[in-house]
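Source file: structure-v9.cif. Holds: mmCIF, C-alpha atoms.
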```cif
data_run
loop_
_atom_site.group_PDB
_atom_site.id
_atom_site.type_symbol
_atom_site.label_atom_id
_atom_site.label_comp_id
_atom_site.auth_asym_id
_atom_site.auth_seq_id
_atom_site.Cartn_x
_atom_site.Cartn_y
_atom_site.Cartn_z
ATOM 1 C CA MET A 781 92.501 107.252 118.273
ATOM 2 C CA THR A 782 89.886 105.648 120.486
ATOM 3 C CA GLU A 783 87.173 107.713 118.781
ATOM 4 C CA LEU A 784 88.311 106.474 115.374
ATOM 5 C CA ARG A 785 88.356 102.872 116.570
ATOM 6 C CA ASN A 786 84.918 103.199 118.196
ATOM 7 C CA GLY A 787 83.526 104.633 114.959
ATOM 8 C CA ALA A 788 84.996 101.719 113.026
ATOM 9 C CA ASP A 789 83.580 99.210 115.496
ATOM 10 C CA ASP A 790 80.148 100.866 115.308
ATOM 11 C CA LEU A 791 80.154 100.688 111.514
ATOM 12 C CA ALA A 792 81.261 97.065 111.506
ATOM 13 C CA ALA A 793 78.758 96.031 114.184
ATOM 14 C CA ALA A 794 75.845 97.748 112.456
ATOM 15 C CA ASP A 795 75.644 95.033 109.871
ATOM 16 C CA GLU A 796 77.987 92.050 109.827
ATOM 17 C CA ALA A 797 76.954 91.392 106.230
ATOM 18 C CA ALA A 798 77.675 94.980 105.177
ATOM 19 C CA ASP A 799 79.788 95.617 102.119
ATOM 20 C CA LEU A 800 83.377 96.126 103.255
ATOM 21 C CA ARG A 801 83.875 98.919 100.734
ATOM 22 C CA SER A 802 80.862 100.818 102.063
ATOM 23 C CA VAL A 803 81.940 100.379 105.682
ATOM 24 C CA LEU A 804 85.462 101.626 105.022
ATOM 25 C CA ALA A 805 84.288 104.526 102.861
ATOM 26 C CA GLY A 806 81.839 105.484 105.605
ATOM 27 C CA LEU A 807 84.623 105.353 108.170
ATOM 28 C CA TYR A 808 87.037 107.479 106.154
ATOM 29 C CA VAL A 809 84.533 110.034 104.932
ATOM 30 C CA GLY A 810 82.700 110.221 108.261
ATOM 31 C CA GLN A 811 85.897 111.002 110.157
ATOM 32 C CA ASP A 812 86.961 113.668 107.669
ATOM 33 C CA MET A 813 83.526 115.297 107.586
ATOM 34 C CA GLY A 814 83.342 115.250 111.382
ATOM 35 C CA ARG A 815 86.683 117.039 111.574
ATOM 36 C CA ILE A 816 85.563 119.631 109.003
ATOM 37 C CA ASP A 817 82.506 120.257 111.180
ATOM 38 C CA LEU A 818 84.687 120.855 114.258
ATOM 39 C CA LEU A 819 87.038 123.145 112.346
ATOM 40 C CA THR A 820 84.255 125.285 110.900
ATOM 41 C CA ARG A 821 82.720 125.578 114.361
ATOM 42 C CA GLN A 822 86.089 126.788 115.676
ATOM 43 C CA VAL A 823 86.246 129.482 112.984
ATOM 44 C CA GLY A 824 82.677 130.496 113.811
ATOM 45 C CA GLU A 825 83.440 130.705 117.524
ATOM 46 C CA ILE A 826 86.455 132.922 116.905
ATOM 47 C CA ALA A 827 84.423 135.156 114.584
ATOM 48 C CA TRP A 828 81.655 135.393 117.184
ATOM 49 C CA GLU A 829 84.110 136.257 119.968
ATOM 50 C CA ARG A 830 85.782 138.907 117.781
ATOM 51 C CA ARG A 831 82.549 140.706 116.885
ATOM 52 C CA SER A 832 83.217 143.477 119.431
ATOM 53 C CA THR A 833 86.988 143.790 118.895
ATOM 54 C CA GLN A 834 89.022 145.795 116.457
ATOM 55 C CA PRO A 835 89.499 144.130 113.078
ATOM 56 C CA LEU A 836 92.760 142.407 112.330
ATOM 57 C CA PRO A 837 95.371 144.565 110.580
ATOM 58 C CA GLU A 838 94.527 144.835 106.871
ATOM 59 C CA VAL A 839 97.406 142.712 105.537
ATOM 60 C CA VAL A 840 96.647 139.920 108.042
ATOM 61 C CA ARG A 841 92.902 140.140 107.399
ATOM 62 C CA ARG A 842 93.493 139.931 103.653
ATOM 63 C CA LEU A 843 95.685 136.826 103.969
ATOM 64 C CA VAL A 844 93.164 135.090 106.253
ATOM 65 C CA ARG A 845 90.313 135.989 103.896
ATOM 66 C CA ASP A 846 92.304 134.740 100.890
ATOM 67 C CA ILE A 847 92.948 131.391 102.592
ATOM 68 C CA GLY A 848 89.245 131.082 103.444
ATOM 69 C CA GLU A 849 88.153 131.918 99.898
ATOM 70 C CA ALA A 850 90.670 129.480 98.420
ATOM 71 C CA CYS A 851 89.385 126.820 100.819
ATOM 72 C CA LEU A 852 85.785 127.398 99.697
ATOM 73 C CA MET A 853 86.837 127.156 96.045
ATOM 74 C CA LEU A 854 88.665 123.911 96.756
ATOM 75 C CA ILE A 855 85.629 122.447 98.526
ATOM 76 C CA GLY A 856 83.550 123.257 95.430
ATOM 77 C CA ARG A 857 86.110 121.501 93.261
ATOM 78 C CA THR A 858 86.167 118.455 95.532
ATOM 79 C CA SER A 859 82.426 118.273 95.033
ATOM 80 C CA ASP A 860 83.094 118.065 91.279
ATOM 81 C CA VAL A 861 85.658 115.297 91.837
ATOM 82 C CA ILE A 862 83.112 113.338 93.860
ATOM 83 C CA ALA A 863 79.967 113.978 91.811
ATOM 84 C CA LEU A 864 81.397 114.232 88.312
ATOM 85 C CA SER A 865 84.490 112.048 88.542
ATOM 86 C CA ALA A 866 86.628 115.086 87.702
ATOM 87 C CA PRO A 867 90.432 114.695 87.815
ATOM 88 C CA HIS A 868 91.755 114.530 91.361
ATOM 89 C CA GLY A 869 94.961 116.432 90.522
ATOM 90 C CA VAL A 870 93.138 119.763 90.385
ATOM 91 C CA VAL A 871 92.281 119.721 94.082
ATOM 92 C CA VAL A 872 95.770 118.560 95.022
ATOM 93 C CA ARG A 873 97.185 121.622 93.252
ATOM 94 C CA ASP A 874 94.643 123.836 95.039
ATOM 95 C CA LEU A 875 95.616 122.290 98.374
ATOM 96 C CA ALA A 876 99.271 123.131 97.743
ATOM 97 C CA ASP A 877 98.239 126.730 97.013
ATOM 98 C CA ILE A 878 96.321 126.931 100.297
ATOM 99 C CA SER A 879 99.341 125.567 102.163
ATOM 100 C CA ARG A 880 101.541 128.242 100.547
ATOM 101 C CA ARG A 881 99.067 130.936 101.612
ATOM 102 C CA GLN A 882 99.004 129.562 105.160
ATOM 103 C CA GLU A 883 102.798 129.597 105.227
ATOM 104 C CA ALA A 884 102.784 133.245 104.087
ATOM 105 C CA LEU A 885 100.392 134.104 106.932
ATOM 106 C CA SER A 886 102.585 132.261 109.440
ATOM 107 C CA ARG A 887 105.700 134.043 108.212
ATOM 108 C CA LEU A 888 103.988 137.415 108.426
ATOM 109 C CA LEU A 889 102.884 136.744 111.999
ATOM 110 C CA LEU A 890 106.236 135.292 113.082
ATOM 111 C CA GLU A 891 108.419 137.998 111.528
ATOM 112 C CA GLY A 892 106.752 140.514 113.810
ATOM 113 C CA GLU A 893 107.018 143.372 111.326
ATOM 114 C CA GLN A 894 103.259 143.763 111.491
ATOM 115 C CA THR A 895 101.987 145.530 114.612
ATOM 116 C CA ILE A 896 99.555 143.016 116.005
ATOM 117 C CA VAL A 897 98.545 142.081 119.523
ATOM 118 C CA VAL A 898 99.091 138.485 120.610
ATOM 119 C CA ALA A 899 95.371 137.623 120.822
ATOM 120 C CA ASP A 900 94.803 138.848 117.248
ATOM 121 C CA ALA A 901 97.830 136.937 115.965
ATOM 122 C CA VAL A 902 96.585 133.766 117.662
ATOM 123 C CA ASP A 903 93.086 134.204 116.185
ATOM 124 C CA ALA A 904 94.513 134.737 112.698
ATOM 125 C CA ALA A 905 96.835 131.744 113.041
ATOM 126 C CA VAL A 906 94.084 129.442 114.303
ATOM 127 C CA ILE A 907 91.629 130.518 111.608
ATOM 128 C CA GLY A 908 94.259 130.022 108.906
ATOM 129 C CA ARG A 909 95.132 126.563 110.222
ATOM 130 C CA CYS A 910 91.444 125.629 110.458
ATOM 131 C CA TYR A 911 90.933 126.624 106.834
ATOM 132 C CA GLU A 912 94.034 124.719 105.744
ATOM 133 C CA GLU A 913 92.967 121.566 107.572
ATOM 134 C CA CYS A 914 89.414 121.857 106.184
ATOM 135 C CA ALA A 915 90.947 121.932 102.718
ATOM 136 C CA TYR A 916 93.114 118.918 103.506
ATOM 137 C CA ARG A 917 90.105 116.984 104.829
ATOM 138 C CA ALA A 918 87.978 117.912 101.800
ATOM 139 C CA VAL A 919 90.700 116.582 99.499
ATOM 140 C CA ALA A 920 90.840 113.398 101.587
ATOM 141 C CA VAL A 921 87.083 112.924 101.100
ATOM 142 C CA ALA A 922 87.534 113.340 97.342
ATOM 143 C CA ARG A 923 90.404 110.829 97.410
ATOM 144 C CA HIS A 924 88.263 108.272 99.212
ATOM 145 C CA ALA A 925 85.412 108.760 96.752
ATOM 146 C CA ALA A 926 87.800 108.361 93.817
ATOM 147 C CA MET A 927 89.344 105.273 95.393
ATOM 148 C CA LEU A 928 85.919 103.771 95.991
ATOM 149 C CA ARG A 929 85.072 104.268 92.299
ATOM 150 C CA GLU A 930 88.415 102.883 91.141
ATOM 151 C CA THR A 931 88.089 99.727 93.217
ATOM 152 C CA MET A 932 84.520 98.891 92.177
ATOM 153 C CA PRO A 933 84.204 95.257 91.146
ATOM 154 C CA GLY A 934 84.099 94.803 87.399
ATOM 155 C CA ARG A 935 85.785 98.104 86.748
#
```
Would you put the structure from the file into structure tokens?
Amino acid sequence: MTELRNGADDLAAADEAADLRSVLAGLYVGQDMGRIDLLTRQVGEIAWERRSTQPLPEVVRRLVRDIGEACLMLIGRTSDVIALSAPHGVVVRDLADISRRQEALSRLLLEGEQTIVVADAVDAAVIGRCYEECAYRAVAVARHAAMLRETMPGR
């Protein structure tokens, strides 16, 4: 929480005459984008560490890949929401789909029917959660952009 507060203080101190809307949008979007950066780095680190290990079991690998692909599609759609003022509901529906896929991965790992070593299960779970949170953060960025447009003076 301190990091969030420091970021807010930095934005506010940068220019006392700054537009409140711009400062708040910068705060919200900056925090979400910073978190997406950390999450994608985490996925990259896991992938790098796994380069010399056996691949995940096929069914687990497929679910993780599906979550990642759905996340990339959602990020593309959030770009449309931001740049083209597309309807926000589309990305919310996509986010729900990603959450369902993440739940399916969690169930598969927790049921233990799949023969998987603990380290592989942890890697799959962390990657899936990173993708899901990236999707959540991307939708939050789109929400903030839409809110900024909706609250423009004279609108």
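Minimum atom-to-atom distance to Ala920 in chain A, evaluated using all atoms listed in the file, belongs to A:Ala805 out of A:Ala904, A:Ala827, A:Ala805, A:Leu800.
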Nearest to His924 in chain A by atom-to-atom distance, counting all atoms listed in the file, from A:Ser865, A:Ser886, A:Ser832, A:Gln822: A:Ser865
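As for CA of Ile847 in chain A and CA of Gly810 in chain A, they are spaced 24.2 Å apart.
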Once the PyMOL selection byres ((chain A and resi 913) around 12) has been evaluated on this model, what residues remain selected, and can you format them as a PyMOL selection string? chain A and resi 812-813+815-820+822-823+847-848+851+854-855+875-876+878-879+882+906-912+914-920
Of the residues A:Asp900, A:Asp874, A:Glu883, A:Glu930, which is the one nearest to Glu849 in chain A, using all atoms listed in the file? A:Asp874
I'd like the interatomic distance between CA of Ala905 in chain A and CA of Asp877 in chain A, to a tenth of an Å.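 One can read the CA of Ala905 in chain A to CA of Asp877 in chain A distance as 16.9 Å.
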Quick one, how far is CA of Val872 in chain A from CA of Glu891 in chain A? 28.5 Å
Return as JSON the box centre and box size in Å, one decimal, for an axis-aligned box around all listed atoms of range 816-834 of chain A padded by 3 Å per side.
```
{"center_x": 85.3, "center_y": 132.7, "center_z": 114.5, "size_x": 13.4, "size_y": 32.2, "size_z": 17.0}
```
Restricting the calculation to all atoms listed in the file, which member of A:Leu888, A:Ser802, A:Thr858, A:Gly814 is positioned closest to Arg929 in chain A?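 For Arg929 in chain A, the nearest of the given residues is A:Ser802.
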Among the residues A:Val871, A:Leu836, A:Val861, A:Ala922, the one that comes closest to Ala899 in chain A [using all atoms listed in the file]: A:Leu836
Nearest to Arg923 in chain A by atom-to-atom distance, counting only C-alpha atoms, from A:Ile826, A:His868, A:Met853, A:Val803: A:His868
